[in-house]
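Data from my_file_24.txt: compact mmCIF, C-alpha atoms and all ligand atoms
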```
# COMPACT_ATOMS: atom_id res chain seq x y z
CA MET A 1384 233.04 194.66 19.44
CA THR A 1385 229.65 195.28 17.81
CA THR A 1386 228.48 193.20 14.86
CA ARG A 1387 228.84 196.18 12.58
CA LEU A 1388 232.45 196.71 13.60
CA ALA A 1389 233.17 193.00 13.21
CA ASP A 1390 231.74 193.19 9.67
CA ILE A 1391 233.98 196.13 8.89
CA ARG A 1392 237.01 194.30 10.20
CA SER A 1393 236.32 191.30 8.00
CA LYS A 1394 235.74 193.55 4.98
CA VAL A 1395 239.07 195.30 5.50
CA GLU A 1396 240.89 192.02 6.08
CA SER A 1397 239.55 190.64 2.82
CA GLY A 1398 240.24 193.87 0.89
CA GLU A 1399 236.59 194.76 0.38
CA ARG A 1400 235.60 198.39 -0.10
CA LEU A 1401 233.89 200.18 2.80
CA SER A 1402 230.54 201.93 2.26
CA PHE A 1403 229.22 205.30 3.42
CA ASP A 1404 227.40 203.53 6.26
CA ASP A 1405 230.60 201.74 7.25
CA GLY A 1406 232.30 205.13 7.41
CA ILE A 1407 229.61 206.48 9.71
CA THR A 1408 229.98 203.39 11.91
CA LEU A 1409 233.73 203.98 12.12
CA GLU A 1410 233.10 207.61 13.02
CA THR A 1411 230.48 206.92 15.68
CA GLU A 1412 231.16 203.48 17.14
CA ALA A 1413 234.85 202.64 16.78
CA ASP A 1414 237.39 203.57 19.40
CA LEU A 1415 240.85 204.79 18.57
CA PHE A 1416 242.55 201.43 19.02
CA PHE A 1417 240.12 199.59 16.77
CA LEU A 1418 240.67 202.23 14.09
CA GLY A 1419 244.42 202.32 14.51
CA ASP A 1420 244.80 198.56 14.44
CA LEU A 1421 242.77 198.22 11.25
CA ALA A 1422 244.32 201.23 9.52
CA ASN A 1423 247.77 199.97 10.37
CA LEU A 1424 246.92 196.67 8.72
CA VAL A 1425 246.10 198.48 5.47
CA ARG A 1426 249.12 200.75 5.81
CA GLU A 1427 251.53 197.86 6.32
CA ARG A 1428 249.94 195.87 3.53
CA ARG A 1429 250.79 198.71 1.16
CA HIS A 1430 254.07 200.02 2.52
CA GLY A 1431 255.49 197.56 5.06
CA ARG A 1432 257.79 199.43 7.43
CA ARG A 1433 258.52 202.26 4.99
CA ALA A 1434 257.62 205.81 5.95
CA TYR A 1435 258.26 208.65 3.54
CA TYR A 1436 259.62 212.15 4.01
CA ASN A 1437 260.90 214.77 1.62
CA ILE A 1438 263.19 217.76 1.61
CA ASN A 1439 261.12 220.74 0.62
CA GLU A 1440 260.44 224.42 1.20
CA HIS A 1441 257.23 226.40 1.27
CA LEU A 1442 256.69 229.62 -0.62
CA ASN A 1443 253.63 231.81 0.00
CA PRO A 1444 254.25 234.60 -2.54
CA THR A 1445 251.46 236.84 -1.21
CA ASN A 1446 249.03 236.71 1.70
CA VAL A 1447 246.74 239.42 0.30
CA CYS A 1448 243.44 237.77 -0.54
CA VAL A 1449 240.07 238.85 -1.90
CA TYR A 1450 238.34 236.04 -0.01
CA ARG A 1451 237.57 235.91 3.70
CA CYS A 1452 237.32 232.23 4.60
CA THR A 1453 236.24 232.02 8.21
CA PHE A 1454 238.94 229.50 9.11
CA CYS A 1455 241.84 231.48 7.64
CA ALA A 1456 244.39 233.38 9.74
CA PHE A 1457 246.86 233.79 6.89
CA ARG A 1458 245.03 236.24 4.62
CA ALA A 1459 245.42 240.02 4.78
CA ASP A 1460 243.38 242.88 3.34
CA LEU A 1461 244.82 244.84 0.45
CA LYS A 1462 245.82 247.78 2.65
CA SER A 1463 246.64 245.82 5.80
CA PRO A 1464 250.11 246.36 7.25
CA ARG A 1465 250.30 242.55 7.46
CA GLY A 1466 249.89 242.22 3.70
CA TYR A 1467 252.90 241.43 1.56
CA VAL A 1468 253.77 240.58 -2.02
CA MET A 1469 257.16 239.01 -2.63
CA THR A 1470 259.37 240.49 -5.33
CA ASP A 1471 260.90 238.38 -8.10
CA GLU A 1472 264.24 238.67 -6.32
CA GLU A 1473 262.78 237.37 -3.05
CA ILE A 1474 261.08 234.50 -4.85
CA VAL A 1475 264.23 233.42 -6.67
CA ALA A 1476 266.22 233.84 -3.44
CA ARG A 1477 263.80 231.42 -1.75
CA ALA A 1478 264.33 228.92 -4.55
CA ALA A 1479 268.10 229.41 -4.27
CA GLU A 1480 267.87 228.66 -0.55
CA ALA A 1481 265.82 225.53 -1.25
CA ASP A 1482 268.36 224.37 -3.81
CA ARG A 1483 271.25 225.11 -1.44
CA LEU A 1484 269.56 223.03 1.29
CA GLY A 1485 269.16 220.10 -1.09
CA ALA A 1486 265.37 220.39 -1.49
CA THR A 1487 263.67 218.48 -4.27
CA GLU A 1488 260.41 220.45 -4.07
CA ILE A 1489 258.92 223.89 -3.54
CA HIS A 1490 255.30 224.01 -2.38
CA VAL A 1491 253.68 227.23 -3.60
CA VAL A 1492 250.31 228.49 -2.33
CA GLY A 1493 249.08 231.91 -1.34
CA GLY A 1494 246.35 234.51 -1.38
CA LEU A 1495 244.33 235.78 -4.33
CA HIS A 1496 245.49 239.34 -4.62
CA HIS A 1497 242.95 242.00 -5.60
CA GLN A 1498 245.23 243.69 -8.13
CA LEU A 1499 247.88 241.26 -9.34
CA PRO A 1500 247.30 239.99 -12.88
CA PHE A 1501 247.30 236.35 -13.90
CA GLU A 1502 250.77 236.79 -15.44
CA TRP A 1503 252.23 237.50 -11.99
CA TYR A 1504 251.31 234.00 -10.77
CA LEU A 1505 252.64 232.45 -13.97
CA ASN A 1506 255.85 234.42 -13.54
CA VAL A 1507 256.39 232.90 -10.07
CA VAL A 1508 256.51 229.43 -11.63
CA ARG A 1509 258.51 230.52 -14.64
CA ILE A 1510 261.32 232.33 -12.81
CA ILE A 1511 261.82 229.51 -10.31
CA HIS A 1512 261.80 226.87 -13.02
CA GLU A 1513 264.22 228.78 -15.22
CA ALA A 1514 266.66 229.34 -12.37
CA TYR A 1515 266.35 225.90 -10.72
CA PRO A 1516 264.79 223.43 -13.17
CA ARG A 1517 265.39 220.42 -10.89
CA LEU A 1518 263.13 221.78 -8.16
CA HIS A 1519 259.68 220.24 -8.51
CA LEU A 1520 257.05 222.97 -8.40
CA LYS A 1521 253.91 221.87 -6.59
CA ALA A 1522 251.91 225.02 -7.10
CA TYR A 1523 248.52 226.61 -6.56
CA THR A 1524 245.40 225.01 -5.12
CA ALA A 1525 242.19 224.54 -7.07
CA VAL A 1526 240.92 227.76 -5.46
CA GLU A 1527 243.79 229.63 -7.07
CA TRP A 1528 243.23 227.97 -10.46
CA ASP A 1529 239.58 228.94 -10.23
CA TRP A 1530 240.70 232.52 -9.51
CA PHE A 1531 243.00 232.50 -12.55
CA GLN A 1532 239.99 231.51 -14.66
CA ARG A 1533 238.03 234.44 -13.23
CA LEU A 1534 240.95 236.76 -14.00
CA THR A 1535 241.43 235.61 -17.57
CA GLY A 1536 238.07 234.21 -18.68
CA ARG A 1537 240.04 231.25 -20.05
CA PRO A 1538 239.30 227.56 -19.36
CA THR A 1539 241.30 226.17 -16.44
CA LYS A 1540 242.57 223.30 -18.56
CA ASP A 1541 244.30 225.78 -20.89
CA LEU A 1542 245.76 227.60 -17.92
CA LEU A 1543 247.06 224.36 -16.40
CA ALA A 1544 248.66 223.45 -19.72
CA GLU A 1545 250.32 226.87 -19.99
CA PHE A 1546 251.72 226.58 -16.45
CA LYS A 1547 252.88 223.03 -17.13
CA ALA A 1548 254.87 224.31 -20.10
CA ALA A 1549 256.37 226.97 -17.81
CA GLY A 1550 257.52 224.38 -15.24
CA LEU A 1551 254.54 223.41 -13.09
CA GLY A 1552 255.09 219.88 -11.74
CA SER A 1553 251.94 219.05 -9.76
CA LEU A 1554 249.07 220.52 -7.72
CA PRO A 1555 248.77 220.64 -3.93
CA GLY A 1556 245.53 219.46 -2.37
CA GLY A 1557 244.38 222.58 -0.57
CA GLY A 1558 241.11 224.43 -0.97
CA ALA A 1559 239.09 221.23 -0.51
CA GLU A 1560 238.05 222.14 3.06
CA ILE A 1561 234.71 220.25 3.33
CA PHE A 1562 232.89 219.57 0.07
CA HIS A 1563 229.38 219.25 1.45
CA PRO A 1564 227.39 222.46 0.81
CA GLU A 1565 225.93 222.47 4.34
CA VAL A 1566 229.43 223.29 5.54
CA ARG A 1567 231.17 224.82 2.54
CA ASP A 1568 228.53 227.50 2.10
CA ILE A 1569 229.19 228.66 5.65
CA ILE A 1570 232.97 228.49 5.97
CA CYS A 1571 233.98 229.62 2.48
CA GLU A 1572 230.94 230.52 0.44
CA HIS A 1573 232.61 232.62 -2.26
CA LYS A 1574 235.62 230.67 -3.37
CA ALA A 1575 235.79 227.74 -5.81
CA ASP A 1576 232.90 225.40 -5.18
CA THR A 1577 233.10 221.63 -4.96
CA GLU A 1578 232.32 221.14 -8.63
CA ALA A 1579 235.15 223.49 -9.63
CA TRP A 1580 237.59 221.78 -7.23
CA PHE A 1581 236.91 218.39 -8.77
CA ARG A 1582 236.87 219.68 -12.34
CA ILE A 1583 240.29 221.29 -11.90
CA HIS A 1584 241.86 218.19 -10.38
CA ARG A 1585 240.34 216.04 -13.11
CA GLU A 1586 241.76 218.36 -15.77
CA ALA A 1587 245.18 218.30 -14.12
CA HIS A 1588 245.14 214.50 -14.09
CA GLU A 1589 244.10 214.43 -17.75
CA LEU A 1590 247.14 216.61 -18.53
CA GLY A 1591 249.41 214.14 -16.73
CA LEU A 1592 249.83 216.29 -13.63
CA ARG A 1593 249.48 214.48 -10.31
CA SER A 1594 247.76 216.19 -7.40
CA ASN A 1595 247.04 215.80 -3.70
CA ALA A 1596 243.81 216.10 -1.73
CA THR A 1597 243.00 217.47 1.71
CA MET A 1598 240.12 217.75 4.17
CA LEU A 1599 239.85 220.44 6.84
CA TYR A 1600 238.24 218.88 9.92
CA GLY A 1601 237.50 219.86 13.48
CA HIS A 1602 235.30 222.93 12.97
CA ILE A 1603 231.55 222.91 12.21
CA GLU A 1604 231.42 219.75 10.12
CA LYS A 1605 229.76 216.51 11.23
CA PRO A 1606 230.80 212.87 10.65
CA GLU A 1607 228.52 212.53 7.60
CA HIS A 1608 230.20 215.53 5.95
CA ARG A 1609 233.64 214.00 6.46
CA ILE A 1610 232.65 210.60 5.08
CA ASP A 1611 230.91 212.24 2.12
CA HIS A 1612 234.12 214.21 1.48
CA LEU A 1613 236.27 211.08 1.48
CA LEU A 1614 233.89 209.20 -0.81
CA GLN A 1615 233.79 212.04 -3.32
CA LEU A 1616 237.60 211.93 -3.47
CA ARG A 1617 237.55 208.15 -3.82
CA GLY A 1618 235.11 208.52 -6.72
CA LEU A 1619 237.42 210.77 -8.77
CA GLN A 1620 240.41 208.62 -7.93
CA ASP A 1621 238.55 205.60 -9.35
CA GLN A 1622 238.21 207.50 -12.61
CA THR A 1623 241.62 209.16 -13.00
CA GLY A 1624 244.08 207.59 -10.54
CA GLY A 1625 245.75 211.02 -10.41
CA PHE A 1626 245.77 211.65 -6.67
CA GLN A 1627 248.96 210.79 -4.85
CA THR A 1628 248.27 211.42 -1.22
CA PHE A 1629 245.49 212.47 1.10
CA ILE A 1630 246.28 214.93 3.87
CA PRO A 1631 243.78 215.37 6.73
CA LEU A 1632 244.20 218.93 8.01
CA ALA A 1633 243.21 219.81 11.57
CA PHE A 1634 241.52 223.18 11.92
CA HIS A 1635 243.55 225.69 13.96
CA PRO A 1636 241.13 228.27 15.38
CA GLU A 1637 243.53 230.94 16.65
CA ASN A 1638 243.27 234.31 14.84
CA THR A 1639 240.31 233.11 12.72
CA LYS A 1640 236.63 234.03 12.71
CA LEU A 1641 235.99 230.62 14.30
CA SER A 1642 238.33 231.24 17.23
CA HIS A 1643 235.52 230.37 19.67
CA LEU A 1644 235.78 226.72 18.59
CA PRO A 1645 238.10 224.34 20.44
CA LYS A 1646 241.08 222.89 18.63
CA ALA A 1647 240.83 219.22 17.67
CA GLY A 1648 242.54 216.94 20.18
CA GLY A 1649 245.09 214.24 19.51
CA VAL A 1650 242.48 211.45 19.54
CA MET A 1651 240.43 213.18 16.85
CA ASP A 1652 243.58 213.75 14.78
CA LEU A 1653 244.55 210.08 14.90
CA LYS A 1654 240.98 208.97 14.20
CA MET A 1655 240.89 211.12 11.06
CA VAL A 1656 244.15 209.61 9.80
CA SER A 1657 242.88 206.09 10.46
CA ILE A 1658 239.44 206.60 8.92
CA ALA A 1659 241.00 208.18 5.84
CA ARG A 1660 243.31 205.17 5.42
CA LEU A 1661 240.35 202.81 5.69
CA MET A 1662 237.95 204.67 3.40
CA LEU A 1663 240.43 205.77 0.70
CA ASP A 1664 241.31 202.31 -0.52
CA ASN A 1665 242.51 203.68 -3.86
CA PHE A 1666 244.89 206.33 -2.47
CA ALA A 1667 248.46 205.11 -2.22
CA HIS A 1668 249.47 207.50 0.55
CA ILE A 1669 248.07 209.13 3.68
CA LYS A 1670 250.16 212.00 4.98
CA ALA A 1671 250.55 213.04 8.62
CA TYR A 1672 251.44 216.68 8.04
CA TRP A 1673 253.55 217.47 11.09
CA VAL A 1674 253.11 221.25 10.79
CA MET A 1675 249.38 220.80 11.31
CA LEU A 1676 249.32 217.82 13.70
CA GLY A 1677 252.36 218.72 15.73
CA VAL A 1678 255.47 216.59 15.61
CA LYS A 1679 254.46 214.10 18.31
CA THR A 1680 251.02 213.32 16.88
CA ALA A 1681 252.45 213.04 13.37
CA GLN A 1682 254.94 210.51 14.66
CA LEU A 1683 252.16 208.47 16.30
CA ALA A 1684 250.10 208.70 13.12
CA LEU A 1685 252.70 206.51 11.39
CA SER A 1686 251.15 203.64 13.38
CA PHE A 1687 247.56 204.77 12.72
CA GLY A 1688 247.48 204.56 8.92
CA ALA A 1689 249.86 207.29 7.74
CA ASP A 1690 252.93 206.41 5.68
CA ASP A 1691 254.28 209.92 5.05
CA ILE A 1692 255.29 212.69 7.43
CA ASP A 1693 255.88 215.45 4.82
CA GLY A 1694 259.14 217.33 4.75
CA THR A 1695 261.57 219.82 6.14
CA VAL A 1696 259.10 222.58 5.07
CA VAL A 1697 260.96 225.81 6.14
CA HIS A 1698 259.09 229.15 6.10
CA GLU A 1699 255.58 227.77 6.74
CA LYS A 1700 253.16 230.66 7.33
CA ILE A 1701 249.58 229.49 6.88
CA TYR A 1702 249.22 227.33 10.00
CA HIS A 1703 251.69 229.25 12.10
CA ASP A 1704 249.57 232.38 11.56
CA ALA A 1705 246.68 230.30 12.94
CA GLY A 1706 248.57 229.43 16.11
CA SER A 1707 250.33 226.20 15.20
CA ASP A 1708 253.04 225.66 17.81
CA SER A 1709 255.02 223.20 15.72
CA PRO A 1710 258.53 224.30 14.72
CA GLN A 1711 259.09 226.32 11.51
CA GLN A 1712 261.18 223.57 10.05
CA LEU A 1713 262.56 220.15 10.84
CA ALA A 1714 266.06 219.04 9.98
CA VAL A 1715 266.39 215.90 7.89
CA GLU A 1716 268.03 214.12 10.79
CA ASP A 1717 265.03 215.01 13.01
CA LEU A 1718 262.58 213.62 10.45
CA LYS A 1719 264.57 210.40 10.13
CA ARG A 1720 264.87 210.04 13.89
CA LEU A 1721 261.13 210.59 14.40
CA ILE A 1722 260.34 207.95 11.80
CA ALA A 1723 262.86 205.43 13.15
CA GLU A 1724 261.61 205.99 16.71
CA ALA A 1725 258.13 205.05 15.45
CA GLY A 1726 259.51 201.70 14.29
CA ARG A 1727 259.50 202.61 10.59
CA ASP A 1728 262.19 202.77 7.95
CA PRO A 1729 262.70 206.35 6.69
CA VAL A 1730 262.65 206.70 2.91
CA GLU A 1731 263.32 210.02 1.22
CA ARG A 1732 260.92 210.59 -1.66
CA ASP A 1733 260.48 213.28 -4.26
CA THR A 1734 257.10 214.88 -4.91
CA LEU A 1735 256.06 211.97 -7.13
CA TYR A 1736 257.00 209.40 -4.46
CA ARG A 1737 260.09 208.22 -6.28
CA GLU A 1738 262.88 207.23 -3.95
CA VAL A 1739 265.67 209.80 -3.72
CA TRP A 1740 269.28 208.66 -3.56
CA ARG A 1741 271.44 211.24 -1.91
CA ASP A 1742 275.09 211.94 -1.32
CA GLY A 1743 275.05 215.04 0.84
CA LEU A 1744 273.26 217.73 -1.12
CA THR A 1745 273.67 215.88 -4.42
CA TRP A 1746 270.63 213.78 -5.20
CA GLU A 1747 269.25 211.50 -7.84
CA VAL A 1748 265.81 210.04 -8.27
CA GLU A 1749 265.78 206.30 -8.76
CA ARG A 1750 264.51 206.29 -12.33
CA THR A 1751 263.39 202.69 -12.22
CA THR A 1752 261.36 203.13 -9.04
CA THR A 1753 257.74 203.65 -9.89
CA ALA A 1754 255.58 205.69 -7.60
CA VAL A 1755 253.89 203.35 -5.14
S1 LIG A 1801 241.96 230.13 2.81
FE1 LIG A 1801 242.94 230.88 0.92
S2 LIG A 1801 241.22 231.73 -0.25
FE2 LIG A 1801 240.50 231.58 1.87
S3 LIG A 1801 240.96 233.58 2.78
FE3 LIG A 1801 242.72 232.25 3.23
S4 LIG A 1801 244.18 232.66 1.58
FE4 LIG A 1801 242.18 233.43 0.90
```

Rewrite the coordinates I just gave you, this time as structure tokens.
Amino acid sequence: MTTRLADIRSKVESGERLSFDDGITLETEADLFFLGDLANLVRERRHGRRAYYNINEHLNPTNVCVYRCTFCAFRADLKSPRGYVMTDEEIVARAAEADRLGATEIHVVGGLHHQLPFEWYLNVVRIIHEAYPRLHLKAYTAVEWDWFQRLTGRPTKDLLAEFKAAGLGSLPGGGAEIFHPEVRDIICEHKADTEAWFRIHREAHELGLRSNATMLYGHIEKPEHRIDHLLQLRGLQDQTGGFQTFIPLAFHPENTKLSHLPKAGGVMDLKMVSIARLMLDNFAHIKAYWVMLGVKTAQLALSFGADDIDGTVVHEKIYHDAGSDSPQQLAVEDLKRLIAEAGRDPVERDTLYREVWRDGLTWEVERTTTAV
């Protein structure tokens, strides 16, 4: 082990914060087992043997999008035969299905349609919340909120407050991609910039809404862009404490404008989980999103820093359009088995990481359990 890695180990063992240079050392000098061992130490310090999952469904109300991010296989042009816009009836039917399956959450993200007004997006939240008020609505990435501002000319904080009153529960972490302009300007130059992404999450936190954060890796970015990305997230978390979980997202090249790039391998995936756990010392949770990583890598990630494997999902489109060969959904028993097989204790959580107590499809959140 090099002196620099030995220094990092002693910093982590004593709970000291890692620097940008430490992050670069982890990226360039540490092997997978060094990273996994150290990240697992931090993970077990925080969560012991517990590993979280939830029962959720995804809803992508439209795939029609004005933007053309190079990494996106989900979007469709306005007149494309692939394009769709769900009707109110289809949206409520999806919520009914989620409720029937015992879900505690619906995750809502989609395209930015050329012609749909702001009220259409608000209506998605409103009709689900009115029909199924117990379902937590984790809805719309910062890129979508930025679009709503462009549609209305109103401040995003007002829009967030209006949606919150209509039933919005929290924000997903998408749209972060890579914050550094050397990369962002190439892979998604038109959509919400880094400043807007952070402003929107800060505003959500100020309104009492929790949010998640992501990073899209394995395309044209370099180690310094990834570490910069993590440190920018850590900086806002120091100020607001509003982020719940970080989700490293592996780039899937199929059907995208970057299809010439190779897909990240399992070692890279596990390294990203481990480095995130080590650098984001103020994030409670690191999620191994099985849809993106594949079930087997997500299971391994529970020993490489991750404490959450996400949920049953159902109807995932975004990564399956980009060639993800993971299943469309996992049964609760499968999630629990995967977690137990990894030597962890499965704990069902709601979106806010409160433990869920369940008797069949009837569920209660443990009111006295605070989010970890
Ligand atoms: S990533 Fe989002 S904003 Fe970009 S093209 Fe795809 S749907 Fe549109």

Set out as a Markdown table a contact list for chain A and ligand LIG 1801 (chain A) with a cut-off of 9 Å, giving each residue of chain A that qualifies its closest atom pair and distance in Å to one decimal, counting all atoms listed in the file, ordered by chain and rising residue number.
```
| residue | atom | partner | partner_atom | distance |
| --- | --- | --- | --- | --- |
| A:Thr1445 | CA | A:LIG1801 | S4 | 8.8 |
| A:Asn1446 | CA | A:LIG1801 | S4 | 6.3 |
| A:Val1447 | CA | A:LIG1801 | S4 | 7.3 |
| A:Cys1448 | CA | A:LIG1801 | FE4 | 4.7 |
| A:Val1449 | CA | A:LIG1801 | FE4 | 6.5 |
| A:Tyr1450 | CA | A:LIG1801 | S3 | 4.5 |
| A:Arg1451 | CA | A:LIG1801 | S3 | 4.2 |
| A:Cys1452 | CA | A:LIG1801 | FE2 | 4.2 |
| A:Thr1453 | CA | A:LIG1801 | S3 | 7.4 |
| A:Phe1454 | CA | A:LIG1801 | S1 | 7.0 |
| A:Cys1455 | CA | A:LIG1801 | FE3 | 4.6 |
| A:Ala1456 | CA | A:LIG1801 | FE3 | 6.8 |
| A:Phe1457 | CA | A:LIG1801 | FE3 | 5.7 |
| A:Arg1458 | CA | A:LIG1801 | S4 | 4.8 |
| A:Ala1459 | CA | A:LIG1801 | S3 | 8.1 |
| A:Val1492 | CA | A:LIG1801 | S4 | 8.4 |
| A:Gly1493 | CA | A:LIG1801 | S4 | 5.8 |
| A:Gly1494 | CA | A:LIG1801 | S4 | 4.1 |
| A:Leu1495 | CA | A:LIG1801 | FE4 | 6.1 |
| A:His1496 | CA | A:LIG1801 | FE4 | 8.7 |
| A:Thr1524 | CA | A:LIG1801 | FE1 | 8.8 |
| A:Val1526 | CA | A:LIG1801 | S2 | 6.6 |
| A:Glu1527 | CA | A:LIG1801 | S2 | 7.6 |
| A:Gly1557 | CA | A:LIG1801 | FE1 | 8.6 |
| A:Gly1558 | CA | A:LIG1801 | S1 | 6.9 |
| A:Glu1560 | CA | A:LIG1801 | S1 | 8.9 |
| A:Cys1571 | CA | A:LIG1801 | FE2 | 6.8 |
| A:His1573 | CA | A:LIG1801 | S2 | 8.9 |
| A:Lys1574 | CA | A:LIG1801 | S2 | 6.5 |
| A:Ala1575 | CA | A:LIG1801 | S2 | 8.7 |
| A:Ile1701 | CA | A:LIG1801 | S4 | 8.2 |
```

Dump of C-alpha atoms for the selected residues, as an mmCIF file, in the coordinates of the input:
```
data_model
loop_
_atom_site.group_PDB
_atom_site.id
_atom_site.type_symbol
_atom_site.label_atom_id
_atom_site.label_comp_id
_atom_site.auth_asym_id
_atom_site.auth_seq_id
_atom_site.Cartn_x
_atom_site.Cartn_y
_atom_site.Cartn_z
ATOM 1 C CA THR A 1445 251.460 236.840 -1.210
ATOM 2 C CA ASN A 1446 249.030 236.710 1.700
ATOM 3 C CA VAL A 1447 246.740 239.420 0.300
ATOM 4 C CA CYS A 1448 243.440 237.770 -0.540
ATOM 5 C CA VAL A 1449 240.070 238.850 -1.900
ATOM 6 C CA TYR A 1450 238.340 236.040 -0.010
ATOM 7 C CA ARG A 1451 237.570 235.910 3.700
ATOM 8 C CA CYS A 1452 237.320 232.230 4.600
ATOM 9 C CA THR A 1453 236.240 232.020 8.210
ATOM 10 C CA PHE A 1454 238.940 229.500 9.110
ATOM 11 C CA CYS A 1455 241.840 231.480 7.640
ATOM 12 C CA ALA A 1456 244.390 233.380 9.740
ATOM 13 C CA PHE A 1457 246.860 233.790 6.890
ATOM 14 C CA ARG A 1458 245.030 236.240 4.620
ATOM 15 C CA ALA A 1459 245.420 240.020 4.780
ATOM 16 C CA VAL A 1492 250.310 228.490 -2.330
ATOM 17 C CA GLY A 1493 249.080 231.910 -1.340
ATOM 18 C CA GLY A 1494 246.350 234.510 -1.380
ATOM 19 C CA LEU A 1495 244.330 235.780 -4.330
ATOM 20 C CA HIS A 1496 245.490 239.340 -4.620
ATOM 21 C CA THR A 1524 245.400 225.010 -5.120
ATOM 22 C CA VAL A 1526 240.920 227.760 -5.460
ATOM 23 C CA GLU A 1527 243.790 229.630 -7.070
ATOM 24 C CA GLY A 1557 244.380 222.580 -0.570
ATOM 25 C CA GLY A 1558 241.110 224.430 -0.970
ATOM 26 C CA GLU A 1560 238.050 222.140 3.060
ATOM 27 C CA CYS A 1571 233.980 229.620 2.480
ATOM 28 C CA HIS A 1573 232.610 232.620 -2.260
ATOM 29 C CA LYS A 1574 235.620 230.670 -3.370
ATOM 30 C CA ALA A 1575 235.790 227.740 -5.810
ATOM 31 C CA ILE A 1701 249.580 229.490 6.880
#
```

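Taking CA of Pro1636 in chain A and CA of Leu1721 in chain A as the two end points, the separation is 26.7 Å.
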
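Between Glu1472 in chain A and the residues A:Ala1549, A:Ile1511, A:Val1696, A:Leu1505, the shortest atom-to-atom distance, using all atoms listed in the file, involves A:Ile1511.
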
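Counting from CA of Ala1671 in chain A, the distance to CA of His1612 in chain A is 18.0 Å.
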
Shell of 8 Å around Phe1634 in chain A, all atoms listed in the file, local chain residues under 4 positions omitted, as a PDB file with C-alpha atoms, in the frame of the given file:
```pdb
ATOM      1  CA  PHE A1454     238.940 229.500   9.110  1.00  0.00           C
ATOM      2  CA  LEU A1599     239.850 220.440   6.840  1.00  0.00           C
ATOM      3  CA  TYR A1600     238.240 218.880   9.920  1.00  0.00           C
ATOM      4  CA  GLY A1601     237.500 219.860  13.480  1.00  0.00           C
ATOM      5  CA  HIS A1602     235.300 222.930  12.970  1.00  0.00           C
ATOM      6  CA  LYS A1646     241.080 222.890  18.630  1.00  0.00           C
ATOM      7  CA  ALA A1647     240.830 219.220  17.670  1.00  0.00           C
TER       8      ALA A1647
END
```

Near Leu1663 in chain A, within 8 Å and counting all atoms listed in the file, which residues show up once chain neighbours fewer than 3 positions away are dropped, as a VMD selection string? chain A and resid 1613 to 1614 1616 to 1617 1659 to 1660 1666

Print the selection's residues with C-alpha atoms to a file, as an mmCIF file, keeping the file's coordinate frame.
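What landed in result20.cif:
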```
data_model
loop_
_atom_site.group_PDB
_atom_site.id
_atom_site.type_symbol
_atom_site.label_atom_id
_atom_site.label_comp_id
_atom_site.auth_asym_id
_atom_site.auth_seq_id
_atom_site.Cartn_x
_atom_site.Cartn_y
_atom_site.Cartn_z
ATOM 1 C CA LEU A 1613 236.270 211.080 1.480
ATOM 2 C CA LEU A 1614 233.890 209.200 -0.810
ATOM 3 C CA LEU A 1616 237.600 211.930 -3.470
ATOM 4 C CA ARG A 1617 237.550 208.150 -3.820
ATOM 5 C CA ALA A 1659 241.000 208.180 5.840
ATOM 6 C CA ARG A 1660 243.310 205.170 5.420
ATOM 7 C CA PHE A 1666 244.890 206.330 -2.470
#
```

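Among the candidates A:Asn1665, A:Glu1513, A:Phe1501, A:Ala1476, the one nearest to Gly1536 in chain A when counting all atoms listed in the file is A:Phe1501.
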
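Checking A:Lys1540, A:His1668, A:Lys1547, A:Lys1679 one by one against Arg1433 in chain A, counting only C-alpha atoms, you find the shortest gap at A:His1668.
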
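The closest residue to Leu1685 in chain A, picked from A:Asp1404, A:Glu1607, A:Glu1589, A:Asp1420 and counting all atoms listed in the file, is A:Asp1420.
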
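CA of Tyr1736 in chain A is positioned 19.4 Å from CA of Glu1716 in chain A.
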
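The residues that lie within 12 Å of the point (245.3, 225.4, -19.9), counting all atoms listed in the file, are Leu1505, Trp1528, Asp1529, Phe1531, Gln1532, Thr1535, Gly1536, Arg1537, Pro1538, Thr1539, Lys1540, Asp1541, Leu1542, Leu1543, Ala1544, Glu1545, Phe1546, Lys1547, Ala1548, Ala1549, Leu1551, Ile1583, Glu1586, Ala1587, Glu1589, Leu1590 and Leu1592 of chain A.
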
Using all atoms listed in the file, the shortest atom-to-atom distance to Tyr1504 in chain A among A:Ala1522, A:Val1425, A:Ala1479, A:Met1675 belongs to A:Ala1522

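Distances from A:Val1730, A:Tyr1435, A:Pro1500, A:Phe1581 to Thr1628 in chain A were compared using all atoms listed in the file, and the smallest one belongs to A:Tyr1435.
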
Discussion item. List as a ChimeraX atom specification the protein and nucleic acid residues near Asp1728 in chain A, meaning an atom at most 12 Å away when only C-alpha atoms are counted, but skip any in the same chain fewer than 2 places from it.
Written reply: /A:1427,1430-1436,1685,1690-1691,1718-1726,1730-1731

Within 9 Å of (274.9, 221.1, -3.8), in the coordinates the file gives, what residues turn up when you count only C-alpha atoms, written out as a PyMOL selection string?
chain A and resi 1482-1485+1743-1746

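The residue set within 8 Å of Leu1421 in chain A, counting all atoms listed in the file and dropping same-chain residues fewer than 3 places from it, reads Arg1392, Val1395, Phe1417, Leu1418, Leu1424, Val1425, Ser1657 and Leu1661 of chain A.
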